[in-house]
$ cat my_file-v3.cif   # mmCIF, C-alpha atoms and all ligand atoms
data_upload
#
loop_
_atom_site.label_atom_id
_atom_site.label_comp_id
_atom_site.auth_asym_id
_atom_site.auth_seq_id
_atom_site.Cartn_x
_atom_site.Cartn_y
_atom_site.Cartn_z
CA MET A 535 -49.27 21.36 -40.07
CA ALA A 536 -50.76 18.00 -41.10
CA ARG A 537 -50.17 15.05 -38.82
CA ILE A 538 -47.48 12.59 -39.88
CA THR A 539 -49.04 9.24 -40.70
CA LEU A 540 -47.90 5.78 -41.68
CA ARG A 541 -48.32 6.86 -45.31
CA THR A 542 -45.95 9.83 -44.80
CA LEU A 543 -43.30 7.47 -43.42
CA LYS A 544 -43.73 4.92 -46.24
CA LYS A 545 -43.36 7.71 -48.83
CA LYS A 546 -40.14 8.81 -47.14
CA LYS A 547 -38.72 5.30 -47.55
CA GLU A 548 -39.82 5.21 -51.20
CA ARG A 549 -38.07 8.54 -51.84
CA GLY A 550 -34.95 7.45 -49.98
CA GLU A 551 -35.41 10.12 -47.30
CA LYS A 552 -34.21 9.26 -43.80
CA ILE A 553 -36.73 8.88 -40.98
CA THR A 554 -36.02 10.35 -37.55
CA MET A 555 -37.40 8.81 -34.35
CA VAL A 556 -36.88 9.70 -30.71
CA SER A 557 -37.84 7.56 -27.75
CA THR A 558 -39.30 9.79 -25.07
CA TYR A 559 -41.93 9.86 -22.37
CA ASP A 560 -43.20 13.31 -21.43
CA TYR A 561 -44.98 16.43 -22.69
CA LEU A 562 -42.04 18.85 -22.88
CA SER A 563 -39.51 16.61 -24.62
CA ALA A 564 -42.24 15.54 -27.05
CA ARG A 565 -42.95 19.20 -27.78
CA PHE A 566 -39.24 19.81 -28.47
CA CYS A 567 -39.23 16.85 -30.88
CA GLU A 568 -42.26 18.16 -32.76
CA GLU A 569 -40.90 21.72 -32.87
CA VAL A 570 -37.70 20.58 -34.61
CA GLY A 571 -39.54 18.27 -37.02
CA ILE A 572 -38.72 14.78 -35.70
CA ASP A 573 -40.93 12.37 -37.70
CA SER A 574 -41.85 9.90 -35.01
CA ILE A 575 -41.87 9.48 -31.24
CA LEU A 576 -41.60 6.08 -29.65
CA VAL A 577 -42.95 5.98 -26.13
CA GLY A 578 -40.38 3.35 -25.23
CA ASP A 579 -40.52 1.00 -22.27
CA SER A 580 -36.94 2.19 -21.67
CA LEU A 581 -38.84 4.64 -19.47
CA GLY A 582 -38.53 1.92 -16.80
CA MET A 583 -34.78 2.56 -16.68
CA VAL A 584 -34.48 6.18 -17.77
CA PHE A 585 -37.56 7.69 -16.07
CA GLN A 586 -38.21 5.26 -13.19
CA GLY A 587 -34.60 4.32 -12.38
CA LEU A 588 -35.14 0.54 -12.62
CA ASP A 589 -32.45 -1.93 -13.75
CA THR A 590 -34.52 -3.38 -16.62
CA THR A 591 -37.69 -2.62 -18.57
CA LEU A 592 -39.50 -5.69 -17.25
CA SER A 593 -41.74 -4.20 -14.58
CA VAL A 594 -43.20 -1.39 -16.69
CA THR A 595 -47.00 -1.71 -16.87
CA LEU A 596 -49.49 -1.00 -19.62
CA ASP A 597 -51.17 1.67 -17.48
CA GLU A 598 -47.81 3.46 -17.14
CA MET A 599 -47.25 3.32 -20.91
CA ILE A 600 -50.70 4.80 -21.51
CA TYR A 601 -50.11 7.54 -18.91
CA HIS A 602 -46.83 8.60 -20.58
CA THR A 603 -48.29 8.35 -24.07
CA LYS A 604 -51.10 10.76 -23.16
CA ALA A 605 -48.48 13.31 -22.06
CA VAL A 606 -46.47 12.79 -25.26
CA CYS A 607 -49.61 13.21 -27.37
CA ARG A 608 -50.30 16.60 -25.77
CA GLY A 609 -46.77 17.74 -26.62
CA ALA A 610 -46.59 16.32 -30.14
CA PRO A 611 -50.08 16.15 -31.64
CA ASN A 612 -48.76 16.07 -35.22
CA THR A 613 -45.95 13.57 -34.82
CA PHE A 614 -46.27 9.83 -35.55
CA VAL A 615 -46.54 8.23 -32.09
CA ILE A 616 -45.68 4.58 -31.43
CA VAL A 617 -46.21 2.81 -28.11
CA ASP A 618 -43.91 0.08 -26.88
CA MET A 619 -46.06 -2.76 -25.51
CA PRO A 620 -44.54 -3.68 -22.15
CA PHE A 621 -43.42 -7.14 -21.06
CA LEU A 622 -46.31 -9.61 -20.60
CA SER A 623 -48.89 -7.30 -22.15
CA TYR A 624 -48.79 -9.31 -25.42
CA GLN A 625 -47.13 -12.66 -24.66
CA VAL A 626 -49.81 -14.44 -22.60
CA SER A 627 -52.58 -14.99 -25.18
CA LEU A 628 -53.70 -13.62 -28.53
CA GLU A 629 -56.96 -12.34 -27.03
CA GLU A 630 -55.26 -10.47 -24.21
CA ALA A 631 -52.64 -9.05 -26.58
CA ILE A 632 -55.24 -7.77 -29.03
CA ARG A 633 -57.26 -6.21 -26.21
CA ASN A 634 -54.17 -4.50 -24.78
CA CYS A 635 -52.93 -3.19 -28.15
CA GLY A 636 -56.45 -2.00 -28.95
CA ARG A 637 -56.61 -0.24 -25.59
CA VAL A 638 -53.51 1.78 -26.48
CA LEU A 639 -55.12 3.02 -29.69
CA LYS A 640 -58.47 3.68 -28.01
CA GLU A 641 -57.10 5.63 -25.04
CA THR A 642 -54.22 7.60 -26.59
CA CYS A 643 -53.33 9.35 -29.85
CA ALA A 644 -50.85 6.58 -30.76
CA GLN A 645 -50.92 5.33 -34.34
CA ALA A 646 -48.95 2.11 -33.87
CA VAL A 647 -47.73 -0.39 -31.31
CA LYS A 648 -44.24 -1.89 -31.08
CA LEU A 649 -43.66 -5.51 -30.12
CA GLU A 650 -40.36 -7.28 -29.45
CA GLY A 651 -39.76 -10.64 -31.12
CA GLY A 652 -39.71 -12.52 -34.45
CA GLU A 653 -41.44 -15.71 -35.62
CA GLU A 654 -42.98 -16.30 -32.18
CA ILE A 655 -45.14 -13.17 -32.49
CA ALA A 656 -45.90 -13.42 -36.23
CA GLU A 657 -49.45 -14.72 -35.72
CA LEU A 658 -50.23 -11.85 -33.35
CA VAL A 659 -48.76 -9.31 -35.78
CA TYR A 660 -50.96 -10.77 -38.52
CA ARG A 661 -54.10 -10.54 -36.35
CA LEU A 662 -53.35 -6.95 -35.29
CA HIS A 663 -52.58 -5.90 -38.86
CA SER A 664 -55.79 -7.49 -40.12
CA ILE A 665 -57.93 -5.53 -37.64
CA GLY A 666 -56.24 -2.22 -38.48
CA ILE A 667 -53.63 -1.88 -35.75
CA PRO A 668 -50.31 -0.88 -37.32
CA VAL A 669 -47.40 -2.88 -35.91
CA VAL A 670 -43.72 -2.04 -35.52
CA GLY A 671 -41.48 -5.07 -34.94
CA HIS A 672 -38.26 -5.06 -32.91
CA ILE A 673 -35.50 -7.63 -33.46
CA GLY A 674 -31.81 -8.02 -32.66
CA TYR A 675 -31.23 -7.15 -29.03
CA THR A 676 -34.66 -7.05 -27.40
CA PRO A 677 -34.39 -5.65 -23.86
CA GLN A 678 -37.45 -7.55 -22.57
CA SER A 679 -35.39 -10.75 -23.02
CA VAL A 680 -32.39 -9.35 -21.14
CA HIS A 681 -32.28 -12.30 -18.76
CA SER A 682 -32.36 -14.95 -21.46
CA PHE A 683 -29.56 -13.14 -23.33
CA GLY A 684 -27.63 -12.74 -20.09
CA GLY A 685 -27.25 -8.99 -20.68
CA PRO A 686 -27.01 -6.63 -23.65
CA LYS A 687 -25.85 -8.42 -26.80
CA VAL A 688 -24.68 -7.49 -30.28
CA PHE A 689 -26.00 -9.52 -33.24
CA GLY A 690 -23.07 -10.12 -35.60
CA LYS A 691 -22.91 -11.45 -39.16
CA GLU A 692 -23.00 -15.04 -37.91
CA GLU A 693 -26.63 -14.40 -36.89
CA THR A 694 -27.66 -13.15 -40.34
CA GLU A 695 -29.91 -16.13 -41.14
CA ARG A 696 -31.70 -15.95 -37.80
CA LEU A 697 -32.28 -12.19 -38.18
CA LYS A 698 -33.49 -12.63 -41.77
CA ARG A 699 -35.99 -15.28 -40.67
CA SER A 700 -37.36 -13.07 -37.89
CA PHE A 701 -37.49 -10.05 -40.19
CA LYS A 702 -39.32 -11.87 -42.97
CA ALA A 703 -41.80 -13.42 -40.51
CA LEU A 704 -42.69 -9.95 -39.22
CA GLU A 705 -42.81 -8.35 -42.65
CA ASN A 706 -44.98 -11.13 -44.10
CA ALA A 707 -47.32 -10.85 -41.13
CA GLY A 708 -47.84 -7.16 -41.90
CA ALA A 709 -45.38 -5.19 -39.74
CA PHE A 710 -44.83 -1.90 -41.60
CA MET A 711 -41.71 -0.95 -39.67
CA ILE A 712 -39.03 -2.96 -37.89
CA VAL A 713 -36.55 -1.68 -35.30
CA LEU A 714 -33.11 -3.30 -35.56
CA GLU A 715 -31.20 -3.04 -32.30
CA SER A 716 -27.48 -3.82 -31.95
CA VAL A 717 -27.25 -5.51 -35.33
CA HIS A 718 -24.18 -5.67 -37.61
CA TRP A 719 -24.48 -2.83 -40.11
CA GLN A 720 -24.09 -5.13 -43.15
CA VAL A 721 -27.03 -7.28 -42.04
CA ALA A 722 -29.13 -4.16 -41.43
CA LYS A 723 -28.17 -2.83 -44.87
CA GLU A 724 -29.22 -6.04 -46.60
CA LEU A 725 -32.55 -6.17 -44.74
CA THR A 726 -33.24 -2.53 -45.58
CA GLU A 727 -32.43 -2.90 -49.27
CA THR A 728 -34.43 -6.07 -49.77
CA SER A 729 -37.70 -5.18 -48.06
CA ASP A 730 -40.63 -2.80 -48.23
CA ALA A 731 -40.87 -2.58 -44.44
CA ILE A 732 -39.21 0.52 -43.00
CA THR A 733 -36.09 -0.29 -40.97
CA VAL A 734 -35.19 1.88 -38.01
CA GLY A 735 -31.79 1.28 -36.49
CA ILE A 736 -30.39 1.72 -33.02
CA GLY A 737 -26.84 0.45 -33.10
CA ALA A 738 -27.46 -0.98 -36.59
CA GLY A 739 -25.39 1.37 -38.76
CA ARG A 740 -26.20 4.10 -41.19
CA TYR A 741 -27.99 2.19 -43.95
CA CYS A 742 -31.31 1.75 -42.15
CA ASP A 743 -34.24 3.82 -43.41
CA GLY A 744 -34.30 5.68 -40.12
CA GLN A 745 -32.56 6.05 -36.78
CA VAL A 746 -33.88 6.09 -33.23
CA LEU A 747 -32.19 7.20 -30.02
CA VAL A 748 -33.52 7.88 -26.54
CA PHE A 749 -34.10 11.60 -25.87
CA HIS A 750 -32.15 11.50 -22.60
CA ASP A 751 -29.13 10.00 -24.43
CA ILE A 752 -29.22 12.62 -27.21
CA VAL A 753 -29.20 15.47 -24.70
CA GLY A 754 -26.76 13.79 -22.31
CA LEU A 755 -29.11 13.48 -19.35
CA TYR A 756 -28.80 9.73 -18.81
CA GLU A 757 -25.25 9.29 -17.57
CA GLU A 758 -25.50 5.72 -16.24
CA ILE A 759 -24.92 3.85 -19.50
CA LYS A 760 -23.46 5.08 -22.80
CA PRO A 761 -23.53 2.36 -25.45
CA ARG A 762 -21.24 2.74 -28.49
CA PHE A 763 -24.19 3.73 -30.71
CA VAL A 764 -25.22 6.77 -28.63
CA ARG A 765 -24.21 10.24 -29.81
CA ARG A 766 -24.57 12.89 -27.10
CA TYR A 767 -25.20 16.27 -28.71
CA VAL A 768 -25.00 18.18 -25.44
CA GLU A 769 -23.82 17.36 -21.93
CA GLY A 770 -27.26 17.96 -20.44
CA ALA A 771 -26.57 16.44 -17.02
CA LYS A 772 -23.54 18.70 -16.50
CA ILE A 773 -25.50 21.80 -17.60
CA PHE A 774 -28.47 20.96 -15.34
CA LYS A 775 -26.27 20.25 -12.32
CA GLU A 776 -24.40 23.52 -12.86
CA ALA A 777 -27.71 25.43 -12.87
CA LEU A 778 -28.84 23.65 -9.69
CA ARG A 779 -25.50 24.38 -7.98
CA LYS A 780 -25.85 28.08 -8.84
CA PHE A 781 -29.45 28.17 -7.56
CA LYS A 782 -28.36 26.58 -4.27
CA ILE A 783 -25.54 29.10 -3.82
CA ASP A 784 -27.77 32.08 -4.69
CA VAL A 785 -30.45 31.00 -2.17
CA GLU A 786 -27.91 30.29 0.55
CA GLU A 787 -26.11 33.61 -0.02
CA GLY A 788 -29.40 35.52 -0.16
CA SER A 789 -28.91 36.83 -3.70
CA PHE A 790 -32.04 35.02 -4.94
CA PRO A 791 -34.68 36.30 -5.25
CA SER A 792 -33.76 39.90 -6.18
CA GLU A 793 -36.21 42.81 -6.04
CA GLU A 794 -37.12 42.25 -9.72
CA GLU A 795 -37.90 38.64 -8.91
CA SER A 796 -40.18 39.61 -6.00
CA TYR A 797 -43.76 40.96 -6.04
CA GLY A 798 -44.39 44.37 -4.48
CA ALA A 799 -43.46 47.98 -5.12
O1 LIG B 1 -37.69 1.37 -25.22
C1 LIG B 1 -37.09 2.01 -26.09
O2 LIG B 1 -36.80 3.21 -25.93
C2 LIG B 1 -36.75 1.30 -27.33
C3 LIG B 1 -35.87 1.98 -28.32
C4 LIG B 1 -34.56 2.31 -27.77
C5 LIG B 1 -35.81 1.26 -29.61
O3 LIG B 1 -37.18 0.21 -27.50
#
$ encode --input "my_file-v3.cif" --output "structure tokens"
Amino acid sequence: MARITLRTLKKKKERGEKITMVSTYDYLSARFCEEVGIDSILVGDSLGMVFQGLDTTLSVTLDEMIYHTKAVCRGAPNTFVIVDMPFLSYQVSLEEAIRNCGRVLKETCAQAVKLEGGEEIAELVYRLHSIGIPVVGHIGYTPQSVHSFGGPKVFGKEETERLKRSFKALENAGAFMIVLESVHWQVAKELTETSDAITVGIGAGRYCDGQVLVFHDIVGLYEEIKPRFVRRYVEGAKIFKEALRKFKIDVEEGSFPSEEESYGA
């Protein structure tokens, strides 16, 4: 199987085929994604909340992102892998940002980096694009700005002009893909239909070129928060807890391990 590349994804948009993306952080879930033919894996900084149990994504480090990306790469060597650049790894200076984004591509199998923001990061996007680092933008609700938004926020039609400006700034700077998070579906539709950049929605309606959800939400493992845009395909947490309850009972009753589960005659 040939590895999915940026060109594969662009062709899908041209042909009107939907792009699938899953945000995940470890070897096994990445392997599941590749086995079922998911196009792209985002190693999202949501790992701060979902994997590390933090309240926000803000304290995730670049070293942690690289560690998780290496595991994902082992599980999904043929999938298009994108790394979320964590908070303060690209906002301090152009030089530091380029070095950090370059480090991700040098040390992992990732083919692109994702940055949150619009006009304020356009110059950086341009510089990265011009030295051969593919960039995915992320506008609408951007979790690294949670404190300035005052919490999760939905971008309605009244914010169309602001979203359009951010989108065009990123696209003109060379971003080949833009994640639209918690954006009114009509705005997402217009942006998708009027641009060459690939749009990937999360809470942005069905007209985006692709859709992304977090693995743990899809399989029902992350019970803490369930935004309106999440579809749980299985109640994973309930199934896992049931298995653990049964294991505990079997050990306590002495029915595990059986003879077949033991070494010897
Ligand atoms: O961190 C993440 O997982 C993300 C996606 C949900 C878009 O940014």
$ atom_distance --input "my_file-v3.cif" --atom1 "CA of Thr676 (chain A)" --atom2 "CA of Ile732 (chain A)"
17.9 Å
$ residues_near_ligand --input "my_file-v3.cif" --ligand "ligand LIG 1 (chain B)" --cutoff "8 Å" --atoms "all atoms listed in the file" --output "list in words"
Ser557, Thr558, Leu576, Val577, Gly578, Asp579, Ser580, Leu581, Thr591, Asp618, His672, Thr676, Pro677, Val713, Leu714, Glu715, Gly735, Ile736, Val746, Leu747 and Val748 of chain A
$ residues_around --input "my_file-v3.cif" --residues "region 644-651 of chain A" --least-positions-apart "5" --cutoff "7 Å" --atoms "all atoms listed in the file" --output "list in words"
Phe614, Val615, Ile616, Val617, Asp618, Met619, Cys635, Val638, Leu639, Ile667, Pro668, Val669, Val670, Gly671, His672, Ile673 and Thr676 of chain A
$ residues_around --input "my_file-v3.cif" --residues "Glu569 (chain A)" --least-positions-apart "3" --cutoff "12 Å" --atoms "all atoms listed in the file" --output "list in words"
Met535, Leu562, Ser563, Ala564, Arg565, Phe566, Ile572, Asp573, Gly609, Ala610, Pro611, Asn612 and Thr613 of chain A
$ residues_around --input "my_file-v3.cif" --residues "Arg633 (chain A)" --least-positions-apart "4" --cutoff "12 Å" --atoms "all atoms listed in the file" --output "PDB file with C-alpha atoms, in the frame of the given file"
ATOM      1  CA  LEU A 596     -49.490  -1.000 -19.620  1.00  0.00           C
ATOM      2  CA  MET A 619     -46.060  -2.760 -25.510  1.00  0.00           C
ATOM      3  CA  SER A 623     -48.890  -7.300 -22.150  1.00  0.00           C
ATOM      4  CA  TYR A 624     -48.790  -9.310 -25.420  1.00  0.00           C
ATOM      5  CA  VAL A 626     -49.810 -14.440 -22.600  1.00  0.00           C
ATOM      6  CA  SER A 627     -52.580 -14.990 -25.180  1.00  0.00           C
ATOM      7  CA  LEU A 628     -53.700 -13.620 -28.530  1.00  0.00           C
ATOM      8  CA  GLU A 629     -56.960 -12.340 -27.030  1.00  0.00           C
ATOM      9  CA  ARG A 637     -56.610  -0.240 -25.590  1.00  0.00           C
ATOM     10  CA  VAL A 638     -53.510   1.780 -26.480  1.00  0.00           C
ATOM     11  CA  LEU A 639     -55.120   3.020 -29.690  1.00  0.00           C
ATOM     12  CA  LYS A 640     -58.470   3.680 -28.010  1.00  0.00           C
ATOM     13  CA  GLU A 641     -57.100   5.630 -25.040  1.00  0.00           C
ATOM     14  CA  LEU A 658     -50.230 -11.850 -33.350  1.00  0.00           C
ATOM     15  CA  ARG A 661     -54.100 -10.540 -36.350  1.00  0.00           C
ATOM     16  CA  LEU A 662     -53.350  -6.950 -35.290  1.00  0.00           C
ATOM     17  CA  ILE A 665     -57.930  -5.530 -37.640  1.00  0.00           C
ATOM     18  CA  ILE A 667     -53.630  -1.880 -35.750  1.00  0.00           C
TER      19      ILE A 667
END
$ atom_distance --input "my_file-v3.cif" --atom1 "CA of Gly652 (chain A)" --atom2 "CA of Asp743 (chain A)"
19.4 Å
$ residues_around --input "my_file-v3.cif" --residues "Ile752 (chain A)" --least-positions-apart "2" --cutoff "6 Å" --atoms "all atoms listed in the file" --output "MDAnalysis selection string"
chainID A and resid 749:750 754 766:767
